[in-house]
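Novice: Provided herewith is a single structure, encoded as C-alpha cells, for subsequent inquiry.
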Amino acid sequence: MKKVIGENITLRPLVPSDLDFLFSIENDERYWNVSGTTKPYSRELLKKYIEVSKQSLAEAKQYRFVIVKTATTEQLGFIDLFNYNQKEMSAGVGIIIDPNFQNQGFGTSALDLLMHYCREELSLKILHCSIHSSNRYSMQLFTKHGFVKTDYKKDDTSSTDSSKNEIFLQRSLNHPNE
C-alpha cells in the first residue's frame with residue numbers, strides 16, 4: 001500500500017526500522033485488554049510480521065499503517081484495517097496512539113485520512129470497529145466520525161466489571177459528508 005499524506009500526519013507502511021516502536025506498543029500490557037494479547041511478542045516474531053506486512057489488503061485481509069508526523073516522521077501510533085471482506089467491501093478498523101501523543105488530535109487526523117483512503121482508493125463501503133465500553137476516548141473518536149452502534153456484547157466472565165463489555169459500531173462510506 002502507498003503512503004497516505006495529510007497536512008500534519010502521514011499513514012505509511014511498516015518498515016524494518018519500526019521494530020522497536022512496534023515492540024514497545026505491542027508489549028505494553030495496558031493495551032492487552034483491547035488487543036486480545038495475552039503474552040508478549042518476541043522481537044523475532046515482530047520482525048517477521050514486518051517482513052510479511054507488504055502483502056496487500058486483499059491477500060492478507062489486514063493491513064497496518066504507522067501514523068507519523070508529516071514534518072518529522074516521528075512515530076505516533078498505528079491504525080489497522082482487519083477482517084477485510086472483499087464481497088461486502090468492508091473492513092474493521094483499529095487505532096492506537098502512543099500515550100505521549102494522545103489527546104492532541106492525531107487519532108482524529110489518522111481516522112480522517114484512513115476513511116478517505118478506504119473510500120476513494122480501496123472502494124470500501126463499510127468500516128466497523130469494536131470498543132470496550134470503558135474506553136470513552138475511542139467511543140468519542142468513532143462516533144464523532146459517524147460510526148453508529150450496531151450491537152453490544154456483555155462480558156460474561158465478570159458479574160461486577162462492566163468495563164469489558166464490547167460495543168460494536170460501523171460507518172457507511174457511501175456518503176463522504178455524513
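Note on naming: chains are A, B, ... as they come in the C-alpha cells, residues start from 1 per chain, ligands start from 1 in the order shown.
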Just list as an NGL selection string whatever in chain A DSSP marks as alpha helix (DSSP H).
Specialist: :A and (19-26 or 32-35 or 43-52 or 57-60 or 106-120 or 136-144)
Novice: Which residues are near Asn83 of chain A? Cut-off 9 Å, only C-alpha atoms, ignore same chain within fewer than 3 positions. Put them as a tab-separated table (two decimals) with C-alpha atoms, in the first residue's frame.
Specialist:
chain	number	residue	atom	x	y	z
A	61	LYS	CA	-7.12	-9.49	4.88
A	62	GLN	CA	-5.42	-6.93	7.13
A	90	SER	CA	-15.85	-3.84	4.36
A	91	ALA	CA	-13.09	-3.92	6.94
A	92	GLY	CA	-12.56	-3.45	10.63
A	93	VAL	CA	-10.52	-0.52	11.87
Novice: Could you tell me how far atom CA of Lys153 of chain A sits from atom CA of Gly77 of chain A, in Å to one decimal place?
Specialist: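 Pair atom CA of Gly77 of chain A / atom CA of Lys153 of chain A returns 27.1 Å.
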Novice: Quick one: DSSP strand (DSSP E or B) residues in segment 56-126 of chain A, as a ChimeraX atom specification?
Specialist: /A:63-69,75-85,90-97,126
Novice: Based on the selection just made, write N, CA and C atoms of those residues as an mmCIF file, in the first residue's frame.
Specialist:
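Output file out.cif follows:
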data_model
loop_
_atom_site.group_PDB
_atom_site.id
_atom_site.type_symbol
_atom_site.label_atom_id
_atom_site.label_comp_id
_atom_site.auth_asym_id
_atom_site.auth_seq_id
_atom_site.Cartn_x
_atom_site.Cartn_y
_atom_site.Cartn_z
ATOM 1 N N TYR A 63 -4.136 -4.885 7.216
ATOM 2 C CA TYR A 63 -3.030 -4.010 6.874
ATOM 3 C C TYR A 63 -2.812 -3.023 8.010
ATOM 4 N N ARG A 64 -1.567 -2.820 8.368
ATOM 5 C CA ARG A 64 -1.215 -1.885 9.435
ATOM 6 C C ARG A 64 -0.448 -0.710 8.854
ATOM 7 N N PHE A 65 -0.937 0.492 9.156
ATOM 8 C CA PHE A 65 -0.232 1.723 8.826
ATOM 9 C C PHE A 65 0.440 2.253 10.086
ATOM 10 N N VAL A 66 1.603 2.851 9.927
ATOM 11 C CA VAL A 66 2.246 3.592 11.000
ATOM 12 C C VAL A 66 1.800 5.043 10.845
ATOM 13 N N ILE A 67 1.368 5.633 11.943
ATOM 14 C CA ILE A 67 0.986 7.048 11.950
ATOM 15 C C ILE A 67 2.232 7.839 12.339
ATOM 16 N N VAL A 68 2.663 8.751 11.470
ATOM 17 C CA VAL A 68 3.853 9.562 11.749
ATOM 18 C C VAL A 68 3.538 11.033 11.513
ATOM 19 N N LYS A 69 4.286 11.893 12.186
ATOM 20 C CA LYS A 69 4.194 13.324 11.905
ATOM 21 C C LYS A 69 4.765 13.554 10.507
ATOM 22 N N GLN A 75 7.161 8.672 14.986
ATOM 23 C CA GLN A 75 6.101 7.676 15.094
ATOM 24 C C GLN A 75 5.126 8.063 16.208
ATOM 25 N N LEU A 76 3.837 8.038 15.871
ATOM 26 C CA LEU A 76 2.793 8.424 16.817
ATOM 27 C C LEU A 76 1.926 7.247 17.242
ATOM 28 N N GLY A 77 1.777 6.257 16.375
ATOM 29 C CA GLY A 77 0.908 5.126 16.665
ATOM 30 C C GLY A 77 0.686 4.291 15.425
ATOM 31 N N PHE A 78 -0.385 3.497 15.484
ATOM 32 C CA PHE A 78 -0.749 2.618 14.376
ATOM 33 C C PHE A 78 -2.239 2.722 14.118
ATOM 34 N N ILE A 79 -2.614 2.529 12.862
ATOM 35 C CA ILE A 79 -4.021 2.392 12.510
ATOM 36 C C ILE A 79 -4.118 1.193 11.573
ATOM 37 N N ASP A 80 -5.015 0.283 11.897
ATOM 38 C CA ASP A 80 -5.110 -1.006 11.214
ATOM 39 C C ASP A 80 -6.428 -1.185 10.491
ATOM 40 N N LEU A 81 -6.349 -1.862 9.377
ATOM 41 C CA LEU A 81 -7.523 -2.438 8.723
ATOM 42 C C LEU A 81 -7.424 -3.941 8.934
ATOM 43 N N PHE A 82 -8.526 -4.585 9.272
ATOM 44 C CA PHE A 82 -8.512 -6.030 9.508
ATOM 45 C C PHE A 82 -9.881 -6.604 9.150
ATOM 46 N N ASN A 83 -9.969 -7.917 9.130
ATOM 47 C CA ASN A 83 -11.215 -8.608 8.748
ATOM 48 C C ASN A 83 -11.775 -8.076 7.433
ATOM 49 N N TYR A 84 -10.873 -7.860 6.477
ATOM 50 C CA TYR A 84 -11.287 -7.364 5.166
ATOM 51 C C TYR A 84 -12.191 -8.383 4.497
ATOM 52 N N ASN A 85 -13.330 -7.904 3.996
ATOM 53 C CA ASN A 85 -14.283 -8.755 3.301
ATOM 54 C C ASN A 85 -14.487 -8.152 1.906
ATOM 55 N N SER A 90 -15.881 -4.369 2.995
ATOM 56 C CA SER A 90 -15.852 -3.843 4.357
ATOM 57 C C SER A 90 -14.567 -4.274 5.052
ATOM 58 N N ALA A 91 -14.256 -3.570 6.127
ATOM 59 C CA ALA A 91 -13.091 -3.922 6.939
ATOM 60 C C ALA A 91 -13.281 -3.346 8.336
ATOM 61 N N GLY A 92 -12.622 -3.996 9.285
ATOM 62 C CA GLY A 92 -12.564 -3.449 10.632
ATOM 63 C C GLY A 92 -11.455 -2.423 10.700
ATOM 64 N N VAL A 93 -11.552 -1.527 11.660
ATOM 65 C CA VAL A 93 -10.517 -0.519 11.871
ATOM 66 C C VAL A 93 -10.178 -0.470 13.357
ATOM 67 N N GLY A 94 -8.900 -0.359 13.633
ATOM 68 C CA GLY A 94 -8.420 -0.210 14.998
ATOM 69 C C GLY A 94 -7.319 0.829 15.018
ATOM 70 N N ILE A 95 -7.208 1.537 16.127
ATOM 71 C CA ILE A 95 -6.215 2.605 16.212
ATOM 72 C C ILE A 95 -5.604 2.608 17.602
ATOM 73 N N ILE A 96 -4.319 2.889 17.653
ATOM 74 C CA ILE A 96 -3.634 3.072 18.919
ATOM 75 C C ILE A 96 -2.630 4.199 18.755
ATOM 76 N N ILE A 97 -2.689 5.127 19.681
ATOM 77 C CA ILE A 97 -1.782 6.271 19.692
ATOM 78 C C ILE A 97 -0.887 6.150 20.921
ATOM 79 N N ILE A 126 -17.972 -0.052 3.894
ATOM 80 C CA ILE A 126 -18.279 -0.059 5.329
ATOM 81 C C ILE A 126 -17.001 -0.262 6.132
#
Novice: Identify, on the basis of only C-alpha atoms, every residue whose closest approach to Ser24 of chain A does not exceed 12 Å; exclude the query and any residue fewer than 3 positions from it along the same chain; express the result as a ChimeraX atom specification.
Specialist: /A:18-21,27-31,40-43,46,75,77,97-99
Novice: Would you output that residue set with C-alpha atoms, as a PDB file, in the first residue's frame?
Specialist:
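Resulting contents of result_13.pdb:
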ATOM      1  CA  ASP A  18       9.691   0.393  13.156  1.00  0.00           C
ATOM      2  CA  LEU A  19      10.636  -2.743  15.108  1.00  0.00           C
ATOM      3  CA  ASP A  20      11.434  -1.017  18.415  1.00  0.00           C
ATOM      4  CA  PHE A  21       8.281   1.118  18.321  1.00  0.00           C
ATOM      5  CA  ASN A  27       4.093  -5.500  24.521  1.00  0.00           C
ATOM      6  CA  ASP A  28       2.602  -2.705  26.621  1.00  0.00           C
ATOM      7  CA  GLU A  29       0.242  -4.601  28.920  1.00  0.00           C
ATOM      8  CA  ARG A  30      -2.058  -1.549  29.237  1.00  0.00           C
ATOM      9  CA  TYR A  31      -3.345  -2.357  25.741  1.00  0.00           C
ATOM     10  CA  PRO A  40       4.499 -10.643  24.977  1.00  0.00           C
ATOM     11  CA  TYR A  41       5.605 -10.835  21.363  1.00  0.00           C
ATOM     12  CA  SER A  42       9.262 -11.590  20.655  1.00  0.00           C
ATOM     13  CA  ARG A  43      11.322  -9.234  18.539  1.00  0.00           C
ATOM     14  CA  LEU A  46       7.501  -8.907  15.134  1.00  0.00           C
ATOM     15  CA  GLN A  75       6.101   7.676  15.094  1.00  0.00           C
ATOM     16  CA  GLY A  77       0.908   5.126  16.665  1.00  0.00           C
ATOM     17  CA  ILE A  97      -1.782   6.271  19.692  1.00  0.00           C
ATOM     18  CA  ASP A  98       1.352   6.335  21.839  1.00  0.00           C
ATOM     19  CA  PRO A  99       0.392   7.771  25.266  1.00  0.00           C
TER      20      PRO A  99
END
Novice: Here is a test: counting only C-alpha atoms, which residue of A:Ser138, A:Ser53, A:Asn100, A:Thr143 is nearest to Val15 of chain A?
Specialist: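 Among the listed residues, the smallest separation from Val15 of chain A belongs to A:Ser53.
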Novice: So that I can see what lies close to Leu124 of chain A, please list as a VMD selection string the residues with an atom at most 12 Å from it, counting only C-alpha atoms and leaving out residues fewer than 4 positions away in the same chain.
Specialist: chain A and resid 57 to 58 81 84 to 93 114 to 120 128 171 to 176
Novice: Find, counting only C-alpha atoms, the residue in A:Glu166, A:Glu51, A:Glu7, A:Glu121 that gets nearest to Ser134 of chain A.
Specialist: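 Nearest to Ser134 of chain A: A:Glu166.
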Novice: Rounded to one decimal, what separation in Å do you get between atom CA of Thr73 of chain A and atom CA of Lys47 of chain A?
Specialist: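 Answer for the atom CA of Thr73 of chain A to atom CA of Lys47 of chain A separation: 20.3 Å.
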